[in-house]
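Structure file coords30.pdb (PDB, C-alpha atoms, pLDDT in the B column) is printed below.
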```pdb
ATOM      1  CA  MET A 159       2.567 -19.244  25.533  1.00 45.00           C
ATOM      2  CA  THR A 160       3.617 -17.195  22.495  1.00 49.00           C
ATOM      3  CA  PRO A 161       3.064 -13.456  22.869  1.00 49.00           C
ATOM      4  CA  PRO A 162       0.788 -11.840  20.284  1.00 49.00           C
ATOM      5  CA  PRO A 163       2.571 -10.164  17.364  1.00 53.00           C
ATOM      6  CA  ALA A 164       3.521  -6.522  17.715  1.00 69.00           C
ATOM      7  CA  LEU A 165       1.019  -4.446  15.829  1.00 77.00           C
ATOM      8  CA  PRO A 166       2.062  -1.474  13.757  1.00 90.00           C
ATOM      9  CA  GLN A 167       1.176   1.895  15.203  1.00 93.00           C
ATOM     10  CA  PRO A 168      -2.338   2.989  14.166  1.00 95.00           C
ATOM     11  CA  VAL A 169      -1.319   6.636  13.649  1.00 96.00           C
ATOM     12  CA  LEU A 170       1.974   7.743  12.162  1.00 97.00           C
ATOM     13  CA  THR A 171       2.663  11.467  12.091  1.00 96.00           C
ATOM     14  CA  LEU A 172       5.331  12.158   9.506  1.00 96.00           C
ATOM     15  CA  ASP A 173       6.747  15.464   8.278  1.00 88.00           C
ATOM     16  CA  ASP A 174       5.236  18.320   6.278  1.00 88.00           C
ATOM     17  CA  GLY A 175       1.583  17.717   7.187  1.00 93.00           C
ATOM     18  CA  LEU A 176       1.631  14.006   6.305  1.00 97.00           C
ATOM     19  CA  THR A 177      -0.167  11.539   8.571  1.00 98.00           C
ATOM     20  CA  LEU A 178      -0.881   7.860   8.042  1.00 98.00           C
ATOM     21  CA  ARG A 179      -3.714   6.441  10.104  1.00 98.00           C
ATOM     22  CA  ALA A 180      -5.714   3.261  10.315  1.00 98.00           C
ATOM     23  CA  PHE A 181      -8.988   3.594   8.448  1.00 98.00           C
ATOM     24  CA  ASP A 182     -12.228   4.328  10.276  1.00 97.00           C
ATOM     25  CA  ALA A 183     -14.726   2.453   8.094  1.00 96.00           C
ATOM     26  CA  GLU A 184     -17.736   4.636   8.770  1.00 96.00           C
ATOM     27  CA  ALA A 185     -16.112   8.041   9.125  1.00 97.00           C
ATOM     28  CA  ASP A 186     -13.768   7.654   6.138  1.00 98.00           C
ATOM     29  CA  LEU A 187     -16.285   6.275   3.646  1.00 98.00           C
ATOM     30  CA  PRO A 188     -17.500   9.542   2.048  1.00 98.00           C
ATOM     31  CA  GLU A 189     -14.060  11.117   1.636  1.00 98.00           C
ATOM     32  CA  PHE A 190     -12.300   7.883   0.615  1.00 98.00           C
ATOM     33  CA  PHE A 191     -14.975   7.124  -1.983  1.00 98.00           C
ATOM     34  CA  GLN A 192     -14.619  10.663  -3.393  1.00 98.00           C
ATOM     35  CA  VAL A 193     -10.820  10.375  -3.557  1.00 98.00           C
ATOM     36  CA  ILE A 194     -11.137   7.121  -5.517  1.00 98.00           C
ATOM     37  CA  GLU A 195     -13.764   8.670  -7.814  1.00 98.00           C
ATOM     38  CA  GLU A 196     -11.425  11.571  -8.585  1.00 98.00           C
ATOM     39  CA  SER A 197      -8.493   9.184  -9.132  1.00 98.00           C
ATOM     40  CA  LEU A 198     -10.105   6.628 -11.444  1.00 97.00           C
ATOM     41  CA  ASP A 199      -8.309   7.708 -14.640  1.00 97.00           C
ATOM     42  CA  HIS A 200      -5.000   7.856 -12.748  1.00 96.00           C
ATOM     43  CA  LEU A 201      -5.432   4.419 -11.129  1.00 97.00           C
ATOM     44  CA  ARG A 202      -7.214   2.474 -13.892  1.00 97.00           C
ATOM     45  CA  PRO A 203      -4.082   1.542 -15.892  1.00 97.00           C
ATOM     46  CA  TRP A 204      -2.429  -0.206 -12.907  1.00 96.00           C
ATOM     47  CA  MET A 205      -5.033  -1.122 -10.285  1.00 96.00           C
ATOM     48  CA  PRO A 206      -7.294  -4.032 -11.262  1.00 95.00           C
ATOM     49  CA  TRP A 207      -9.766  -3.282  -8.464  1.00 95.00           C
ATOM     50  CA  VAL A 208     -10.737  -0.035 -10.204  1.00 95.00           C
ATOM     51  CA  ALA A 209     -12.798  -2.053 -12.721  1.00 94.00           C
ATOM     52  CA  GLU A 210     -15.074  -3.098  -9.837  1.00 94.00           C
ATOM     53  CA  HIS A 211     -15.081   0.298  -8.113  1.00 96.00           C
ATOM     54  CA  GLY A 212     -18.322   1.538  -6.657  1.00 97.00           C
ATOM     55  CA  LEU A 213     -19.811   2.610  -3.364  1.00 98.00           C
ATOM     56  CA  ASP A 214     -20.528  -1.015  -2.390  1.00 97.00           C
ATOM     57  CA  SER A 215     -16.963  -2.194  -3.053  1.00 97.00           C
ATOM     58  CA  THR A 216     -15.485   0.780  -1.192  1.00 98.00           C
ATOM     59  CA  THR A 217     -17.823   0.130   1.738  1.00 98.00           C
ATOM     60  CA  ARG A 218     -16.776  -3.551   1.804  1.00 97.00           C
ATOM     61  CA  PHE A 219     -13.088  -2.639   1.590  1.00 97.00           C
ATOM     62  CA  LEU A 220     -13.313  -0.259   4.534  1.00 98.00           C
ATOM     63  CA  ALA A 221     -15.544  -2.591   6.555  1.00 97.00           C
ATOM     64  CA  GLY A 222     -12.879  -5.313   6.375  1.00 96.00           C
ATOM     65  CA  ARG A 223      -9.942  -3.185   7.495  1.00 97.00           C
ATOM     66  CA  ALA A 224     -10.315  -3.658  11.280  1.00 95.00           C
ATOM     67  CA  GLU A 225     -10.608  -7.454  11.010  1.00 96.00           C
ATOM     68  CA  ARG A 226      -7.625  -7.728   8.684  1.00 96.00           C
ATOM     69  CA  TRP A 227      -5.620  -5.455  11.010  1.00 95.00           C
ATOM     70  CA  ALA A 228      -6.496  -7.593  14.055  1.00 93.00           C
ATOM     71  CA  SER A 229      -5.572 -10.810  12.208  1.00 93.00           C
ATOM     72  CA  GLY A 230      -2.203  -9.440  11.086  1.00 92.00           C
ATOM     73  CA  GLU A 231      -3.099 -10.093   7.458  1.00 94.00           C
ATOM     74  CA  GLU A 232      -3.039  -6.461   6.385  1.00 96.00           C
ATOM     75  CA  TYR A 233      -2.386  -3.089   7.963  1.00 97.00           C
ATOM     76  CA  SER A 234      -4.108  -0.469   5.797  1.00 97.00           C
ATOM     77  CA  TYR A 235      -3.635   3.237   6.299  1.00 98.00           C
ATOM     78  CA  ALA A 236      -5.346   6.341   4.996  1.00 98.00           C
ATOM     79  CA  ILE A 237      -2.756   8.766   3.671  1.00 98.00           C
ATOM     80  CA  VAL A 238      -3.730  12.205   4.969  1.00 98.00           C
ATOM     81  CA  LEU A 239      -1.939  15.287   3.673  1.00 98.00           C
ATOM     82  CA  ASP A 240      -2.688  18.657   5.264  1.00 96.00           C
ATOM     83  CA  GLY A 241      -5.903  17.226   6.715  1.00 96.00           C
ATOM     84  CA  ALA A 242      -7.229  15.721   3.460  1.00 97.00           C
ATOM     85  CA  LEU A 243      -7.329  12.020   2.658  1.00 98.00           C
ATOM     86  CA  VAL A 244      -5.249  11.578  -0.524  1.00 98.00           C
ATOM     87  CA  GLY A 245      -4.646   7.836  -0.862  1.00 98.00           C
ATOM     88  CA  SER A 246      -3.923   4.545   0.815  1.00 98.00           C
ATOM     89  CA  CYS A 247      -0.917   2.471   1.774  1.00 98.00           C
ATOM     90  CA  GLY A 248      -0.364  -0.699   3.695  1.00 98.00           C
ATOM     91  CA  VAL A 249       1.644  -3.685   4.797  1.00 98.00           C
ATOM     92  CA  ILE A 250       0.265  -7.002   3.523  1.00 97.00           C
ATOM     93  CA  ARG A 251       0.992 -10.638   4.294  1.00 95.00           C
ATOM     94  CA  TYR A 252       0.156 -12.852   1.343  1.00 92.00           C
ATOM     95  CA  ALA A 253      -0.409 -16.556   1.964  1.00 89.00           C
ATOM     96  CA  ASP A 254       1.978 -17.548  -0.838  1.00 90.00           C
ATOM     97  CA  ALA A 255       4.810 -15.266   0.331  1.00 91.00           C
ATOM     98  CA  PRO A 256       7.825 -16.811   2.042  1.00 92.00           C
ATOM     99  CA  ALA A 257       7.781 -16.753   5.836  1.00 91.00           C
ATOM    100  CA  GLY A 258       9.075 -13.461   7.185  1.00 95.00           C
ATOM    101  CA  THR A 259       8.104 -11.497   4.067  1.00 97.00           C
ATOM    102  CA  ARG A 260       5.601  -8.661   3.862  1.00 98.00           C
ATOM    103  CA  GLU A 261       4.636  -6.533   0.888  1.00 98.00           C
ATOM    104  CA  VAL A 262       4.142  -2.774   0.915  1.00 98.00           C
ATOM    105  CA  GLY A 263       1.589  -1.148  -1.373  1.00 97.00           C
ATOM    106  CA  TYR A 264       0.485   2.438  -2.006  1.00 98.00           C
ATOM    107  CA  TRP A 265      -1.551   4.673  -4.285  1.00 98.00           C
ATOM    108  CA  LEU A 266      -2.307   8.393  -4.370  1.00 98.00           C
ATOM    109  CA  HIS A 267      -4.803  10.866  -5.733  1.00 98.00           C
ATOM    110  CA  PRO A 268      -3.105  12.465  -8.781  1.00 98.00           C
ATOM    111  CA  ALA A 269      -3.034  15.896  -7.089  1.00 97.00           C
ATOM    112  CA  ALA A 270      -0.822  14.432  -4.330  1.00 97.00           C
ATOM    113  CA  THR A 271       1.785  12.933  -6.670  1.00 97.00           C
ATOM    114  CA  GLY A 272       5.216  14.371  -7.382  1.00 95.00           C
ATOM    115  CA  ARG A 273       5.793  15.600  -3.818  1.00 95.00           C
ATOM    116  CA  GLY A 274       7.433  12.578  -2.198  1.00 96.00           C
ATOM    117  CA  VAL A 275       4.229  11.501  -0.453  1.00 98.00           C
ATOM    118  CA  ALA A 276       4.326   7.912  -1.763  1.00 98.00           C
ATOM    119  CA  THR A 277       7.999   7.585  -0.861  1.00 98.00           C
ATOM    120  CA  ARG A 278       7.475   8.874   2.682  1.00 98.00           C
ATOM    121  CA  ALA A 279       4.410   6.674   3.150  1.00 98.00           C
ATOM    122  CA  ALA A 280       6.235   3.599   1.827  1.00 98.00           C
ATOM    123  CA  ARG A 281       9.219   4.311   4.100  1.00 98.00           C
ATOM    124  CA  ALA A 282       6.866   4.415   7.088  1.00 97.00           C
ATOM    125  CA  MET A 283       5.241   1.149   5.975  1.00 98.00           C
ATOM    126  CA  VAL A 284       8.669  -0.516   5.762  1.00 97.00           C
ATOM    127  CA  GLU A 285       9.437   0.634   9.306  1.00 95.00           C
ATOM    128  CA  GLN A 286       6.123  -0.767  10.533  1.00 96.00           C
ATOM    129  CA  ALA A 287       6.680  -4.072   8.715  1.00 96.00           C
ATOM    130  CA  PHE A 288      10.055  -4.557  10.372  1.00 95.00           C
ATOM    131  CA  ARG A 289       8.411  -4.026  13.783  1.00 93.00           C
ATOM    132  CA  LEU A 290       6.482  -7.254  13.265  1.00 94.00           C
ATOM    133  CA  PRO A 291       8.034 -10.361  14.825  1.00 92.00           C
ATOM    134  CA  GLY A 292       9.867 -12.558  12.359  1.00 94.00           C
ATOM    135  CA  VAL A 293       9.682 -10.115   9.448  1.00 96.00           C
ATOM    136  CA  ASP A 294      13.085  -9.922   7.809  1.00 97.00           C
ATOM    137  CA  ARG A 295      12.152  -8.984   4.233  1.00 98.00           C
ATOM    138  CA  VAL A 296       9.872  -6.347   2.738  1.00 98.00           C
ATOM    139  CA  GLU A 297       8.931  -6.345  -0.928  1.00 98.00           C
ATOM    140  CA  ILE A 298       7.330  -3.910  -3.342  1.00 98.00           C
ATOM    141  CA  HIS A 299       5.814  -5.370  -6.531  1.00 97.00           C
ATOM    142  CA  HIS A 300       4.789  -3.356  -9.579  1.00 97.00           C
ATOM    143  CA  ASP A 301       4.365  -3.746 -13.290  1.00 97.00           C
ATOM    144  CA  PRO A 302       7.657  -2.755 -14.972  1.00 97.00           C
ATOM    145  CA  ALA A 303       5.783  -0.281 -17.183  1.00 97.00           C
ATOM    146  CA  ASN A 304       4.628   1.604 -14.077  1.00 97.00           C
ATOM    147  CA  VAL A 305       7.837   3.610 -13.831  1.00 95.00           C
ATOM    148  CA  THR A 306       6.425   6.032 -11.266  1.00 95.00           C
ATOM    149  CA  SER A 307       5.576   3.257  -8.835  1.00 95.00           C
ATOM    150  CA  GLY A 308       8.969   1.651  -9.389  1.00 95.00           C
ATOM    151  CA  ALA A 309      10.789   4.876  -8.496  1.00 97.00           C
ATOM    152  CA  VAL A 310       9.643   4.542  -4.868  1.00 98.00           C
ATOM    153  CA  PRO A 311      11.578   1.376  -3.940  1.00 98.00           C
ATOM    154  CA  ALA A 312      14.611   2.680  -5.844  1.00 97.00           C
ATOM    155  CA  ARG A 313      14.585   5.872  -3.735  1.00 97.00           C
ATOM    156  CA  LEU A 314      14.239   3.807  -0.542  1.00 98.00           C
ATOM    157  CA  GLY A 315      17.294   1.678  -1.235  1.00 97.00           C
ATOM    158  CA  PHE A 316      15.482  -1.537  -2.159  1.00 98.00           C
ATOM    159  CA  THR A 317      17.295  -4.065  -4.319  1.00 98.00           C
ATOM    160  CA  ARG A 318      15.791  -4.776  -7.716  1.00 97.00           C
ATOM    161  CA  GLY A 319      14.915  -8.461  -7.704  1.00 97.00           C
ATOM    162  CA  ASN A 320      13.527 -10.742 -10.357  1.00 95.00           C
ATOM    163  CA  ARG A 321      10.769 -10.127 -12.829  1.00 96.00           C
ATOM    164  CA  HIS A 322       8.230 -12.865 -13.134  1.00 94.00           C
ATOM    165  CA  PRO A 323       5.207 -13.531 -15.321  1.00 95.00           C
ATOM    166  CA  SER A 324       1.977 -12.147 -13.919  1.00 94.00           C
ATOM    167  CA  GLU A 325      -1.465 -12.132 -15.431  1.00 94.00           C
ATOM    168  CA  ALA A 326      -2.199  -8.704 -16.895  1.00 94.00           C
ATOM    169  CA  VAL A 327      -5.457  -7.754 -15.181  1.00 93.00           C
ATOM    170  CA  ALA A 328      -5.374  -3.950 -15.503  1.00 95.00           C
ATOM    171  CA  PRO A 329      -5.315  -2.140 -18.875  1.00 94.00           C
ATOM    172  CA  ALA A 330      -1.655  -1.005 -18.930  1.00 95.00           C
ATOM    173  CA  GLU A 331      -0.117  -4.091 -17.348  1.00 95.00           C
ATOM    174  CA  THR A 332       2.481  -5.943 -19.395  1.00 96.00           C
ATOM    175  CA  GLY A 333       2.127  -9.458 -18.008  1.00 95.00           C
ATOM    176  CA  GLU A 334       5.222  -9.137 -15.846  1.00 97.00           C
ATOM    177  CA  MET A 335       5.793  -8.142 -12.245  1.00 96.00           C
ATOM    178  CA  GLN A 336       8.968  -6.470 -10.987  1.00 97.00           C
ATOM    179  CA  VAL A 337       9.907  -7.402  -7.420  1.00 97.00           C
ATOM    180  CA  TRP A 338      12.033  -5.149  -5.221  1.00 98.00           C
ATOM    181  CA  TYR A 339      13.168  -6.218  -1.770  1.00 98.00           C
ATOM    182  CA  LEU A 340      14.753  -4.804   1.354  1.00 98.00           C
ATOM    183  CA  LEU A 341      16.206  -6.957   4.099  1.00 97.00           C
ATOM    184  CA  ALA A 342      15.898  -6.064   7.766  1.00 94.00           C
ATOM    185  CA  PRO A 343      18.977  -4.405   9.229  1.00 87.00           C
ATOM    186  CA  GLY A 344      21.368  -7.113  10.367  1.00 79.00           C
ATOM    187  CA  SER A 345      19.843  -9.789   8.084  1.00 74.00           C
TER     188      SER A 345
END
```

So, in terms of structure tokens, how does the structure I just supplied come out?
Amino acid sequence: MTPPPALPQPVLTLDDGLTLRAFDAEADLPEFFQVIEESLDHLRPWMPWVAEHGLDSTTRFLAGRAERWASGEEYSYAIVLDGALVGSCGVIRYADAPAGTREVGYWLHPAATGRGVATRAARAMVEQAFRLPGVDRVEIHHDPANVTSGAVPARLGFTRGNRHPSEAVAPAETGEMQVWYLLAPGS
């Protein structure tokens, strides 16, 4: 019998008042919805889901977190800075990704940017991804025009991989996707 996969830790206490924690669908809804509302102009150029944003879509997103966590498909975290929810990050397994590969994603409220929060959160997500059995590669994908998002993998020592065509589905997207990757130690 194969043992179940190791799950990432549900609460990660980092430095300087930064905590990453699994979402609580009911308890987090009001604050998470407000954070998205306040971040719409900041996120709209790069995040296609913003076009469909509303209370119903946020409720559905949060309601699905526990099931996706249990299935190993996605580990989503609330980014909490000094007690306030300021964004989201996660480790995702896409069906079309090569075996052993997970993708890390992140976004922040604009007031939380420029302080290393995304970099620290992404570093923690990489560590959690490599805890999963069989994971030997972590990727970060972003539109090449999103220079701020691309600075995170560069700071974390990722290797710049290929660019590939990607349908532009958010207003500022260029129709390309930049892939960065990091191999597990010893790979």

Since I can't run it myself right now, could you work out what the PyMOL selection byres ((chain A and resi 308) around 12) selects here and report it as a PyMOL selection string? chain A and resi 263-264+276-277+280+297-307+309-319+335-339

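The interatomic distance for the pair atom CA of A:Ala279 and atom CA of A:Asp173 works out to 10.4 Å.
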
Output, as lines of an AutoDock Vina configuration file, the centre and edge lengths in Å (one decimal) of the axis-aligned box that contains all listed atoms of stretch 307-325 of chain A with 3 Å of margin on each side.
```
center_x = 7.9
center_y = -3.8
center_z = -8.0
size_x = 24.8
size_y = 25.4
size_z = 20.9
```

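Of the listed residues (A:Trp204, A:Phe191, A:Trp227, A:Trp265), A:Trp227 comes nearest to A:Leu165; the distances count all atoms listed in the file.
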
Of A:Leu172, A:Leu187, A:Val193, A:Ala269, the one nearest to A:Ser215 when counting all atoms listed in the file is A:Leu187

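Interatomic distance, atom CA of A:His211 to atom CA of A:Ile194: 8.3 Å.
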
I need every residue sitting at most 7 Å from the point (7.2, -8.6, 3.6) (coordinates as in the file, all atoms listed in the file considered), written as a count of residues only. 10

Residue neighbourhood A:Pro206, 12 Å, all atoms listed in the file, exclusion window fewer than 5 positions, as an MDAnalysis selection string: chainID A and resid 198 201 211 301 325:331

Might you pull out every residue within 9 Å of A:Ser234, with all atoms listed in the file counted and same-chain residues fewer than 4 positions away left off, and present them as a ChimeraX atom specification? /A:179-181,223-224,226-227,246-250

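Going from atom CA of A:Ser229 over to atom CA of A:Gly292, you cover 15.5 Å.
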
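Within 8 Å of the point (-14.6, -2.0, 8.8), and counting only C-alpha atoms, the protein, DNA and RNA residues are Phe181, Asp182, Ala183, Glu184, Arg218, Phe219, Leu220, Ala221, Gly222, Arg223, Ala224 and Glu225 of chain A.
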
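Considering all atoms listed in the file, the residue among A:Gly344, A:Ile237, A:Gly245, A:Leu170 positioned nearest to A:Glu195 is A:Gly245.
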
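Each of A:Glu334, A:His322, A:Ala253, A:His200 was checked against A:Gly230 using only C-alpha atoms; the smallest atom-to-atom distance is that of A:Ala253.
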
Distance query A:Ala242 at most 10 Å, only C-alpha atoms, self and fewer than 5 positions along chain excluded, as a count of residues only: 8

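Restricting the calculation to all atoms listed in the file, the smallest distance between A:Pro203 and any of A:Ala255, A:Asp174, A:Thr332, A:Ala185 is found for A:Thr332.
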
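Here the question is which of A:Glu285, A:Glu231, A:Glu210, A:Glu196 gets nearest to A:Pro343 using all atoms listed in the file, and that residue is A:Glu285.
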